[in-house]
>>> print(open('data_7.csv').read())   # CSV, C-alpha atoms and all ligand atoms
chain,number,residue,atom,x,y,z
G,1,MET,CA,22.0,-23.0,-16.9
G,2,THR,CA,21.9,-24.7,-13.5
G,3,TRP,CA,19.4,-22.9,-11.3
G,4,THR,CA,20.7,-21.7,-7.9
G,5,PRO,CA,18.4,-20.2,-5.3
G,6,PRO,CA,18.5,-16.4,-5.5
G,7,ALA,CA,19.6,-14.4,-2.5
G,8,GLU,CA,16.9,-13.1,-0.2
G,9,VAL,CA,16.2,-9.4,-0.3
G,10,ALA,CA,18.1,-8.3,2.8
G,11,LEU,CA,17.2,-4.7,3.6
G,12,THR,CA,16.4,-3.0,6.9
G,13,PRO,CA,12.8,-1.8,7.0
G,14,THR,CA,14.1,1.8,6.6
G,15,ALA,CA,16.3,1.0,3.7
G,16,LEU,CA,13.4,-0.9,2.0
G,17,VAL,CA,10.9,1.9,2.4
G,18,ASP,CA,13.4,4.3,1.0
G,19,VAL,CA,13.5,2.5,-2.4
G,20,PHE,CA,10.1,0.8,-2.5
G,21,ASP,CA,7.4,1.9,-4.9
G,22,ASP,CA,8.9,5.3,-5.5
G,23,LEU,CA,8.5,5.4,-9.3
G,24,PRO,CA,6.3,8.3,-10.3
G,25,LEU,CA,3.0,6.9,-11.2
G,26,TRP,CA,3.1,9.2,-14.2
G,27,SER,CA,6.2,7.4,-15.7
G,28,ALA,CA,5.0,3.9,-15.2
G,29,PRO,CA,2.5,3.4,-18.1
G,30,PHE,CA,5.0,4.8,-20.6
G,31,GLY,CA,7.8,2.7,-19.2
G,32,MET,CA,5.7,-0.5,-19.2
G,33,ALA,CA,5.0,0.0,-22.9
G,34,LEU,CA,8.6,0.8,-23.6
G,35,LEU,CA,9.9,-2.3,-21.8
G,36,ASP,CA,7.3,-4.4,-23.6
G,37,ALA,CA,8.3,-3.1,-27.1
G,38,VAL,CA,12.1,-3.3,-27.2
G,39,ALA,CA,14.1,-6.4,-27.7
G,40,LEU,CA,16.0,-7.6,-24.6
G,41,SER,CA,19.4,-9.2,-25.1
G,42,PRO,CA,21.4,-10.6,-22.1
G,43,THR,CA,24.6,-9.1,-23.5
G,44,ALA,CA,23.3,-5.7,-24.6
G,45,VAL,CA,25.0,-2.4,-23.9
G,46,ALA,CA,22.1,-0.1,-23.3
G,47,LEU,CA,21.6,3.6,-22.6
G,48,ASP,CA,18.7,5.3,-20.9
G,49,VAL,CA,18.5,9.0,-22.1
G,50,GLY,CA,16.9,11.2,-19.4
G,51,CYS,CA,16.9,8.5,-16.8
G,52,GLY,CA,15.9,10.9,-14.0
G,53,ALA,CA,15.6,9.0,-10.7
G,54,GLY,CA,16.3,5.7,-12.4
G,55,PHE,CA,13.4,4.7,-14.6
G,56,PRO,CA,13.4,2.6,-16.6
G,57,LEU,CA,17.2,2.5,-16.1
G,58,VAL,CA,17.3,0.2,-13.0
G,59,GLU,CA,14.4,-1.9,-14.2
G,60,LEU,CA,16.0,-2.4,-17.6
G,61,ALA,CA,19.4,-3.3,-16.0
G,62,GLU,CA,17.6,-6.0,-13.9
G,63,ARG,CA,15.6,-7.3,-16.8
G,64,LEU,CA,18.6,-7.5,-19.1
G,65,GLY,CA,20.7,-9.2,-16.4
G,66,PRO,CA,24.3,-9.0,-15.1
G,67,ARG,CA,26.0,-9.7,-18.4
G,68,ALA,CA,24.4,-6.6,-19.9
G,69,HIS,CA,25.5,-3.1,-19.1
G,70,VAL,CA,23.3,-0.1,-18.9
G,71,HIS,CA,24.3,3.6,-19.0
G,72,GLY,CA,22.1,6.3,-17.5
G,73,VAL,CA,22.4,9.9,-18.7
G,74,ASP,CA,20.7,12.8,-17.0
G,75,PRO,CA,22.0,16.3,-16.0
G,76,TRP,CA,20.0,16.1,-12.8
G,77,GLU,CA,22.6,15.3,-10.2
G,78,ALA,CA,20.3,14.9,-7.2
G,79,ALA,CA,18.2,12.3,-9.2
G,80,LEU,CA,21.4,10.4,-10.0
G,81,ALA,CA,22.3,10.3,-6.2
G,82,ARG,CA,18.9,8.7,-5.7
G,83,VAL,CA,19.6,6.1,-8.5
G,84,ARG,CA,22.9,5.2,-6.7
G,85,ALA,CA,20.9,4.5,-3.5
G,86,LYS,CA,18.5,2.3,-5.5
G,87,LEU,CA,21.3,0.4,-7.2
G,88,ALA,CA,23.0,-0.3,-3.9
G,89,ALA,CA,19.7,-1.4,-2.2
G,90,ARG,CA,18.7,-3.6,-5.2
G,91,GLU,CA,22.3,-4.9,-5.6
G,92,VAL,CA,22.4,-4.0,-9.2
G,93,ALA,CA,26.0,-3.7,-10.4
G,94,ASN,CA,25.7,-3.4,-14.2
G,95,VAL,CA,24.9,0.3,-14.4
G,96,THR,CA,27.1,3.4,-15.0
G,97,LEU,CA,25.6,6.8,-14.4
G,98,HIS,CA,26.6,10.0,-16.2
G,99,ALA,CA,25.7,13.5,-15.2
G,100,ALA,CA,25.4,14.7,-18.7
G,101,ARG,CA,23.1,16.0,-21.4
G,102,ALA,CA,21.8,14.0,-24.3
G,103,GLU,CA,23.2,16.6,-26.7
G,104,ALA,CA,26.7,15.6,-25.6
G,105,LEU,CA,26.8,11.9,-24.6
G,106,PRO,CA,29.9,10.8,-22.8
G,107,LEU,CA,30.1,7.5,-24.7
G,108,PRO,CA,32.3,6.3,-27.6
G,109,ASP,CA,31.1,6.0,-31.2
G,110,ARG,CA,29.2,2.8,-32.1
G,111,SER,CA,29.2,1.5,-28.5
G,112,VAL,CA,25.5,1.0,-27.7
G,113,ASP,CA,23.0,-1.7,-28.8
G,114,LEU,CA,19.8,-0.5,-27.2
G,115,LEU,CA,18.8,3.1,-26.5
G,116,VAL,CA,15.6,3.9,-24.5
G,117,SER,CA,14.1,7.2,-23.4
G,118,ASN,CA,11.0,7.4,-21.3
G,119,ASN,CA,9.7,11.0,-21.6
G,120,GLY,CA,13.3,12.0,-21.9
G,121,PHE,CA,13.8,13.2,-25.5
G,122,ASN,CA,10.8,15.5,-25.1
G,123,ASN,CA,12.5,17.3,-22.3
G,124,VAL,CA,15.9,18.0,-23.9
G,125,ASP,CA,16.8,21.4,-25.2
G,126,ASP,CA,17.7,20.3,-28.7
G,127,LEU,CA,16.1,17.2,-30.0
G,128,ASP,CA,18.0,17.0,-33.3
G,129,ALA,CA,21.3,17.3,-31.4
G,130,ALA,CA,20.3,14.7,-28.9
G,131,LEU,CA,19.2,12.2,-31.7
G,132,ALA,CA,22.4,12.9,-33.6
G,133,GLU,CA,24.4,12.0,-30.5
G,134,CYS,CA,22.3,8.8,-30.1
G,135,ALA,CA,23.1,8.0,-33.7
G,136,ARG,CA,26.8,8.5,-33.1
G,137,VAL,CA,26.9,6.2,-30.1
G,138,ALA,CA,24.6,3.5,-31.6
G,139,ARG,CA,26.0,0.5,-33.2
G,140,PRO,CA,24.7,-0.3,-36.7
G,141,ASP,CA,21.2,-1.9,-36.4
G,142,ALA,CA,21.0,-0.7,-32.7
G,143,GLN,CA,17.5,-0.4,-31.4
G,144,LEU,CA,16.0,2.8,-30.0
G,145,GLY,CA,12.7,2.9,-28.0
G,146,TYR,CA,11.1,6.2,-27.1
G,147,ALA,CA,7.8,6.6,-25.2
G,148,TYR,CA,6.3,10.1,-24.8
G,149,ASN,CA,2.9,11.8,-24.4
G,150,LEU,CA,1.1,13.0,-27.5
G,151,PRO,CA,-0.3,16.5,-28.4
G,152,ALA,CA,-3.8,15.4,-27.2
G,153,SER,CA,-2.5,14.8,-23.7
G,154,MET,CA,-5.0,16.1,-21.1
G,155,ARG,CA,-7.2,17.5,-23.9
G,156,GLU,CA,-10.0,17.8,-21.4
G,157,LEU,CA,-8.0,20.4,-19.5
G,158,TYR,CA,-6.6,22.2,-22.6
G,159,ASP,CA,-10.0,22.5,-24.2
G,160,ALA,CA,-11.5,24.0,-21.0
G,161,LEU,CA,-8.5,26.4,-20.8
G,162,ASP,CA,-8.8,27.4,-24.4
G,163,ALA,CA,-12.6,28.1,-24.0
G,164,ALA,CA,-12.0,30.2,-20.9
G,165,LEU,CA,-9.3,32.2,-22.7
G,166,ALA,CA,-11.4,32.6,-25.8
G,167,ALA,CA,-14.3,33.9,-23.8
G,168,ARG,CA,-12.1,36.6,-22.4
G,169,GLY,CA,-10.5,37.5,-25.8
G,170,LEU,CA,-7.0,36.4,-24.5
G,171,ASP,CA,-5.8,35.3,-27.9
G,172,ALA,CA,-2.1,35.7,-27.1
G,173,ALA,CA,-2.5,33.3,-24.2
G,174,ARG,CA,-4.3,30.8,-26.4
G,175,ALA,CA,-1.4,31.0,-28.8
G,176,ALA,CA,1.1,30.5,-26.0
G,177,VAL,CA,-0.8,27.4,-24.8
G,178,ARG,CA,-0.7,26.0,-28.3
G,179,ALA,CA,3.0,26.8,-28.6
G,180,HIS,CA,3.7,25.1,-25.2
G,181,ILE,CA,1.9,21.9,-26.4
G,182,ASP,CA,3.7,22.0,-29.8
G,183,HIS,CA,7.1,22.4,-28.1
G,184,LYS,CA,6.6,19.6,-25.5
G,185,ARG,CA,4.4,17.1,-27.4
G,186,GLN,CA,5.3,16.3,-31.0
G,187,PRO,CA,2.9,14.4,-33.2
G,188,ILE,CA,4.1,10.9,-34.2
G,189,ASP,CA,5.0,12.0,-37.7
G,190,ALA,CA,7.3,14.7,-36.5
G,191,THR,CA,9.1,12.3,-34.2
G,192,VAL,CA,9.5,9.7,-36.9
G,193,ALA,CA,10.9,12.5,-39.2
G,194,ALA,CA,13.3,13.6,-36.5
G,195,LEU,CA,14.5,10.1,-36.0
G,196,ALA,CA,15.0,9.6,-39.8
G,197,ARG,CA,17.0,12.9,-40.0
G,198,ALA,CA,19.4,11.4,-37.4
G,199,GLY,CA,19.7,8.0,-39.1
G,200,PHE,CA,17.1,5.9,-37.3
G,201,ALA,CA,14.4,4.1,-39.3
G,202,THR,CA,11.2,3.6,-37.4
G,203,THR,CA,10.1,0.0,-37.3
G,204,ARG,CA,7.1,0.1,-34.9
G,205,VAL,CA,4.7,2.7,-33.5
G,206,ASP,CA,2.3,1.7,-30.7
G,207,GLU,CA,-0.3,4.2,-29.5
G,208,HIS,CA,-1.6,3.8,-26.0
G,209,ALA,CA,-3.7,5.9,-23.5
G,210,PHE,CA,-4.2,6.0,-19.8
G,211,ARG,CA,-6.4,8.2,-17.6
G,212,TRP,CA,-5.8,10.3,-14.5
G,213,ARG,CA,-9.1,10.7,-12.6
G,214,PHE,CA,-9.9,13.2,-9.8
G,215,ALA,CA,-12.9,13.6,-7.5
G,216,ASP,CA,-13.1,17.2,-8.7
G,217,ALA,CA,-11.1,20.1,-10.2
G,218,ALA,CA,-10.1,21.3,-6.7
G,219,ALA,CA,-8.4,17.9,-6.1
G,220,LEU,CA,-6.7,18.1,-9.5
G,221,PHE,CA,-5.3,21.6,-8.8
G,222,ALA,CA,-4.1,20.5,-5.4
G,223,HIS,CA,-2.4,17.3,-6.5
G,224,TRP,CA,1.4,17.5,-6.0
G,225,PHE,CA,2.4,16.0,-9.3
G,226,MET,CA,0.1,18.2,-11.2
G,227,ARG,CA,1.5,21.2,-9.3
G,228,LEU,CA,5.1,20.0,-9.9
G,229,ALA,CA,4.9,19.0,-13.6
G,230,PHE,CA,2.0,20.8,-15.3
G,231,ILE,CA,0.2,23.6,-13.4
G,232,PRO,CA,3.0,26.1,-13.5
G,233,ALA,CA,3.0,26.1,-17.3
G,234,TRP,CA,-0.8,26.5,-17.4
G,235,ILE,CA,-0.6,29.5,-15.0
G,236,GLU,CA,2.3,31.1,-16.7
G,237,VAL,CA,0.5,31.7,-20.0
G,238,VAL,CA,-2.5,33.5,-18.4
G,239,PRO,CA,-2.0,37.2,-17.5
G,240,ALA,CA,-1.9,37.5,-13.7
G,241,ALA,CA,-5.0,39.7,-13.5
G,242,GLU,CA,-7.1,37.1,-15.4
G,243,ARG,CA,-5.9,34.0,-13.6
G,244,ALA,CA,-8.5,33.7,-10.9
G,245,ALA,CA,-11.4,34.2,-13.4
G,246,VAL,CA,-9.8,31.9,-16.0
G,247,PHE,CA,-9.1,29.0,-13.7
G,248,THR,CA,-12.5,29.4,-12.0
G,249,ALA,CA,-14.0,28.9,-15.4
G,250,VAL,CA,-11.7,26.0,-16.2
G,251,SER,CA,-12.6,24.3,-12.9
G,252,ALA,CA,-16.4,24.8,-13.6
G,253,ALA,CA,-16.0,23.3,-17.0
G,254,LEU,CA,-14.0,20.3,-15.7
G,255,ASP,CA,-16.3,19.5,-12.8
G,256,GLN,CA,-18.6,16.9,-14.1
G,257,PRO,CA,-20.8,14.3,-12.3
G,258,GLY,CA,-18.4,11.4,-11.6
G,259,GLY,CA,-15.4,13.7,-11.3
G,260,VAL,CA,-12.6,14.9,-13.6
G,261,THR,CA,-10.9,12.6,-16.1
G,262,LEU,CA,-7.7,13.6,-17.9
G,263,THR,CA,-6.8,11.3,-20.8
G,264,ILE,CA,-3.1,10.9,-21.7
G,265,PRO,CA,-2.5,9.4,-25.1
G,266,PHE,CA,1.1,8.4,-25.7
G,267,ALA,CA,3.3,6.8,-28.3
G,268,CYS,CA,5.9,4.2,-28.0
G,269,ILE,CA,8.2,4.3,-31.1
G,270,VAL,CA,10.9,1.7,-31.9
G,271,ALA,CA,13.5,2.5,-34.5
G,272,ARG,CA,16.7,0.9,-35.8
G,273,ARG,CA,20.0,2.6,-36.5
G,274,ARG,CA,20.5,2.5,-40.3
G,301,LIG,C1,9.9,13.6,-17.4
G,301,LIG,S1,11.5,13.3,-16.8
G,301,LIG,C2,11.6,11.5,-17.1
G,301,LIG,C3,12.5,10.8,-16.1
G,301,LIG,C4,12.4,9.3,-16.2
G,301,LIG,N1,12.9,8.8,-17.5
G,301,LIG,C5,11.0,8.8,-15.9
G,301,LIG,O1,10.4,8.1,-16.8
G,301,LIG,O2,10.5,9.0,-14.8
G,301,LIG,C6,12.6,14.0,-17.9
G,301,LIG,C7,14.0,13.8,-17.6
G,301,LIG,O3,14.8,14.4,-18.6
G,301,LIG,C8,15.9,15.0,-18.0
G,301,LIG,N2,16.6,15.9,-19.0
G,301,LIG,C9,16.3,17.3,-19.1
G,301,LIG,N3,17.1,17.8,-20.1
G,301,LIG,C10,17.9,16.8,-20.5
G,301,LIG,C11,19.0,16.7,-21.4
G,301,LIG,N4,19.4,17.8,-22.1
G,301,LIG,N5,19.6,15.5,-21.6
G,301,LIG,C12,19.2,14.4,-20.9
G,301,LIG,N6,18.2,14.4,-20.0
G,301,LIG,C13,17.6,15.6,-19.8
G,301,LIG,C14,15.4,15.6,-16.8
G,301,LIG,O4,16.4,15.9,-15.8
G,301,LIG,C15,14.5,14.5,-16.3
G,301,LIG,O5,15.1,13.6,-15.4
>>> encode(input="data_7.csv", output="structure tokens", more="lines below")
Ligand SMILES: C[S@@+](CC[C@H](N)C(=O)[O-])C[C@H]1O[C@@H](n2cnc3c(N)ncnc32)[C@H](O)[C@@H]1O
Amino acid sequence: MTWTPPAEVALTPTALVDVFDDLPLWSAPFGMALLDAVALSPTAVALDVGCGAGFPLVELAERLGPRAHVHGVDPWEAALARVRAKLAAREVANVTLHAARAEALPLPDRSVDLLVSNNGFNNVDDLDAALAECARVARPDAQLGYAYNLPASMRELYDALDAALAARGLDAARAAVRAHIDHKRQPIDATVAALARAGFATTRVDEHAFRWRFADAAALFAHWFMRLAFIPAWIEVVPAAERAAVFTAVSAALDQPGGVTLTIPFACIVARRR
């Protein structure tokens, strides 16, 4: 290939700031592991399941290059509008967006070489149906990469919550917390089994972890992403009359010299369509 100078990034300051550095910090470690683990072919047809506001969809499209094509699927229309703005700003033309659910993929049988999902499959309503659809659209030997957080995610918080609930005899709430974790965060064995049921043989499992640190519990409970993505589920399981006491106890248990640290272990699983 003869190298030609790439075009300069030509965006007005406003347009640049609209699309710069807007990836949720939460998503980045998972996506970095995912992009590191899957094979990248310049002619791949790829699919990002649960692409949200465009990650890793747009990054994958650029890393694969213009001869590849990447489909993004998500039912969240407002997020797809944001992806369109990013695609335009970044001048990425090899992406098709679908406002759809993983359980009913709008793609033909045996049409995809690479499927990725960055905390996507763990948010669908019916994982088996979603994986069956992925198996349908996957070409034989297609690769699937899935990164998601494991059951021990934020164990520091959940241990403190369990202790506070146990001290007050709130056993139903303890069971509800465990059910929430079981529903959202499958152990690796369960994911490998679900993939196998759908026709994907796991070829690689990497375990990683990162940490979210806060100066104190008050900062954790005030943090916008915690409030957006996690705190409502924690509050919901505690009876309203007990909430203040329970979360005061949780805060006291979390507050340690040096601040609060939440550990997020996660898995990146790579599988092949049989
Ligand atoms: C935690 S977000 C991850 C988004 C993005 N992949 C990232 O890493 O930032 C989960 C995504 O799954 C999407 N989602 C929820 N139900 C879905 C379904 N049935 N099929 C496909 N995507 C779904 C949500 O709309 C959301 O965008």
>>> closest_residue(input="data_7.csv", among="G:Ala245, G:Ile264, G:Leu25, G:Ala85", to="ligand LIG 301 (chain G)", atoms="all atoms listed in the file")
G:Leu25
>>> closest_atom_pairs(input="data_7.csv", of="chain G", to="ligand LIG 301 (chain G)", cutoff="10 Å", atoms="all atoms listed in the file", output="CSV")
residue,atom,partner,partner_atom,distance
G:Leu23,CA,G:LIG301,O2,6.9
G:Pro24,CA,G:LIG301,O2,6.2
G:Leu25,CA,G:LIG301,O2,8.6
G:Trp26,CA,G:LIG301,O2,7.4
G:Ser27,CA,G:LIG301,O1,4.4
G:Ala28,CA,G:LIG301,O1,7.0
G:Pro29,CA,G:LIG301,O1,9.3
G:Phe30,CA,G:LIG301,O1,7.4
G:Gly31,CA,G:LIG301,O1,6.5
G:Asp48,CA,G:LIG301,N1,7.6
G:Val49,CA,G:LIG301,C12,5.6
G:Gly50,CA,G:LIG301,N6,3.5
G:Cys51,CA,G:LIG301,N1,4.1
G:Gly52,CA,G:LIG301,O5,3.1
G:Ala53,CA,G:LIG301,C4,6.4
G:Gly54,CA,G:LIG301,C4,6.5
G:Phe55,CA,G:LIG301,C5,4.9
G:Pro56,CA,G:LIG301,O1,6.3
G:Leu57,CA,G:LIG301,N1,7.8
G:Gly72,CA,G:LIG301,C12,9.3
G:Val73,CA,G:LIG301,C12,5.9
G:Asp74,CA,G:LIG301,N6,4.2
G:Pro75,CA,G:LIG301,O4,5.6
G:Trp76,CA,G:LIG301,O4,4.7
G:Glu77,CA,G:LIG301,O4,8.4
G:Ala78,CA,G:LIG301,O4,9.5
G:Ala79,CA,G:LIG301,O5,7.1
G:Leu80,CA,G:LIG301,O5,8.9
G:His98,CA,G:LIG301,C12,9.8
G:Ala99,CA,G:LIG301,C12,8.7
G:Ala100,CA,G:LIG301,N5,6.5
G:Arg101,CA,G:LIG301,N5,3.5
G:Ala102,CA,G:LIG301,N5,3.8
G:Glu103,CA,G:LIG301,N4,6.1
G:Ala104,CA,G:LIG301,N5,8.1
G:Leu105,CA,G:LIG301,N5,8.6
G:Val116,CA,G:LIG301,N1,9.0
G:Ser117,CA,G:LIG301,N1,6.2
G:Asn118,CA,G:LIG301,N1,4.5
G:Asn119,CA,G:LIG301,C2,4.9
G:Gly120,CA,G:LIG301,O3,4.3
G:Phe121,CA,G:LIG301,O3,7.1
G:Asn122,CA,G:LIG301,C6,7.6
G:Asn123,CA,G:LIG301,C9,5.0
G:Val124,CA,G:LIG301,N4,3.9
G:Asp125,CA,G:LIG301,N4,5.4
G:Asp126,CA,G:LIG301,N4,7.3
G:Leu127,CA,G:LIG301,N4,8.6
G:Ala129,CA,G:LIG301,N4,9.5
G:Ala130,CA,G:LIG301,N5,7.4
G:Ala147,CA,G:LIG301,O1,8.9
G:Tyr148,CA,G:LIG301,C1,8.9
G:Ala229,CA,G:LIG301,C1,8.3
>>> residues_around(input="data_7.csv", residues="Glu242 of chain G", least_positions_apart="6", cutoff="12 Å", atoms="only C-alpha atoms", output="PDB file with C-alpha atoms, in the frame of the given file")
ATOM      1  CA  ALA G 164     -12.000  30.200 -20.900  1.00  0.00           C
ATOM      2  CA  LEU G 165      -9.300  32.200 -22.700  1.00  0.00           C
ATOM      3  CA  ALA G 167     -14.300  33.900 -23.800  1.00  0.00           C
ATOM      4  CA  ARG G 168     -12.100  36.600 -22.400  1.00  0.00           C
ATOM      5  CA  GLY G 169     -10.500  37.500 -25.800  1.00  0.00           C
ATOM      6  CA  LEU G 170      -7.000  36.400 -24.500  1.00  0.00           C
ATOM      7  CA  ALA G 173      -2.500  33.300 -24.200  1.00  0.00           C
ATOM      8  CA  ILE G 235      -0.600  29.500 -15.000  1.00  0.00           C
ATOM      9  CA  GLU G 236       2.300  31.100 -16.700  1.00  0.00           C
ATOM     10  CA  THR G 248     -12.500  29.400 -12.000  1.00  0.00           C
ATOM     11  CA  ALA G 249     -14.000  28.900 -15.400  1.00  0.00           C
TER      12      ALA G 249
END
>>> closest_residue(input="data_7.csv", among="G:Asp162, G:Glu59, G:Glu8, G:Glu91", to="Met32 of chain G", atoms="all atoms listed in the file")
G:Glu59
>>> atom_distance(input="data_7.csv", atom1="atom CA of Pro151 of chain G", atom2="atom CA of Asp189 of chain G")
11.6 Å
>>> atom_distance(input="data_7.csv", atom1="atom CA of Ala194 of chain G", atom2="atom CA of Leu131 of chain G")
7.7 Å
>>> atom_distance(input="data_7.csv", atom1="atom CA of Thr2 of chain G", atom2="atom CA of Asp113 of chain G")
27.6 Å
>>> residues_around(input="data_7.csv", residues="Ala218 of chain G", least_positions_apart="6", cutoff="10 Å", atoms="only C-alpha atoms", output="PDB file with C-alpha atoms, in the frame of the given file")
ATOM      1  CA  THR G 248     -12.500  29.400 -12.000  1.00  0.00           C
ATOM      2  CA  SER G 251     -12.600  24.300 -12.900  1.00  0.00           C
ATOM      3  CA  ALA G 252     -16.400  24.800 -13.600  1.00  0.00           C
ATOM      4  CA  LEU G 254     -14.000  20.300 -15.700  1.00  0.00           C
ATOM      5  CA  ASP G 255     -16.300  19.500 -12.800  1.00  0.00           C
ATOM      6  CA  VAL G 260     -12.600  14.900 -13.600  1.00  0.00           C
TER       7      VAL G 260
END
>>> closest_residue(input="data_7.csv", among="G:Ala33, G:Val112, G:Ala89, G:Ala15", to="Ala46 of chain G", atoms="all atoms listed in the file")
G:Val112
>>> axis_aligned_box(input="data_7.csv", around="segment 61-67 of chain G", padding_each_side="4 Å", output="AutoDock Vina command-line options")
--center_x 20.8 --center_y -6.5 --center_z -16.5 --size_x 18.4 --size_y 14.4 --size_z 13.2
>>> closest_residue(input="data_7.csv", among="G:Pro66, G:Ala132, G:Trp234, G:Ala201", to="Ala160 of chain G", atoms="only C-alpha atoms")
G:Trp234
>>> residues_near_point(input="data_7.csv", point="(22.8, -8.9, -12.1)", cutoff="9 Å", atoms="only C-alpha atoms", output="ChimeraX atom specification")
/G:61-68,91-94
>>> closest_residue(input="data_7.csv", among="G:Arg178, G:Gly199, G:Thr261, G:Pro42", to="Ala219 of chain G", atoms="only C-alpha atoms")
G:Thr261
>>> closest_residue(input="data_7.csv", among="G:Trp3, G:Phe266, G:Phe230, G:Phe247", to="His208 of chain G", atoms="only C-alpha atoms")
G:Phe266
>>> residues_around(input="data_7.csv", residues="Leu114 of chain G", least_positions_apart="4", cutoff="8 Å", atoms="only C-alpha atoms", output="compact mmCIF listing (two decimals) with C-alpha atoms, in the coordinates of the input")
# COMPACT_ATOMS: atom_id res chain seq x y z
CA ALA G 44 23.30 -5.70 -24.60
CA VAL G 45 25.00 -2.40 -23.90
CA ALA G 46 22.10 -0.10 -23.30
CA LEU G 47 21.60 3.60 -22.60
CA ALA G 138 24.60 3.50 -31.60
CA ALA G 142 21.00 -0.70 -32.70
CA GLN G 143 17.50 -0.40 -31.40
CA LEU G 144 16.00 2.80 -30.00
CA GLY G 145 12.70 2.90 -28.00
>>> residues_around(input="data_7.csv", residues="Asp182 of chain G", least_positions_apart="4", cutoff="12 Å", atoms="only C-alpha atoms", output="ChimeraX atom specification")
/G:122,149-153,175-178,186-188,190-191
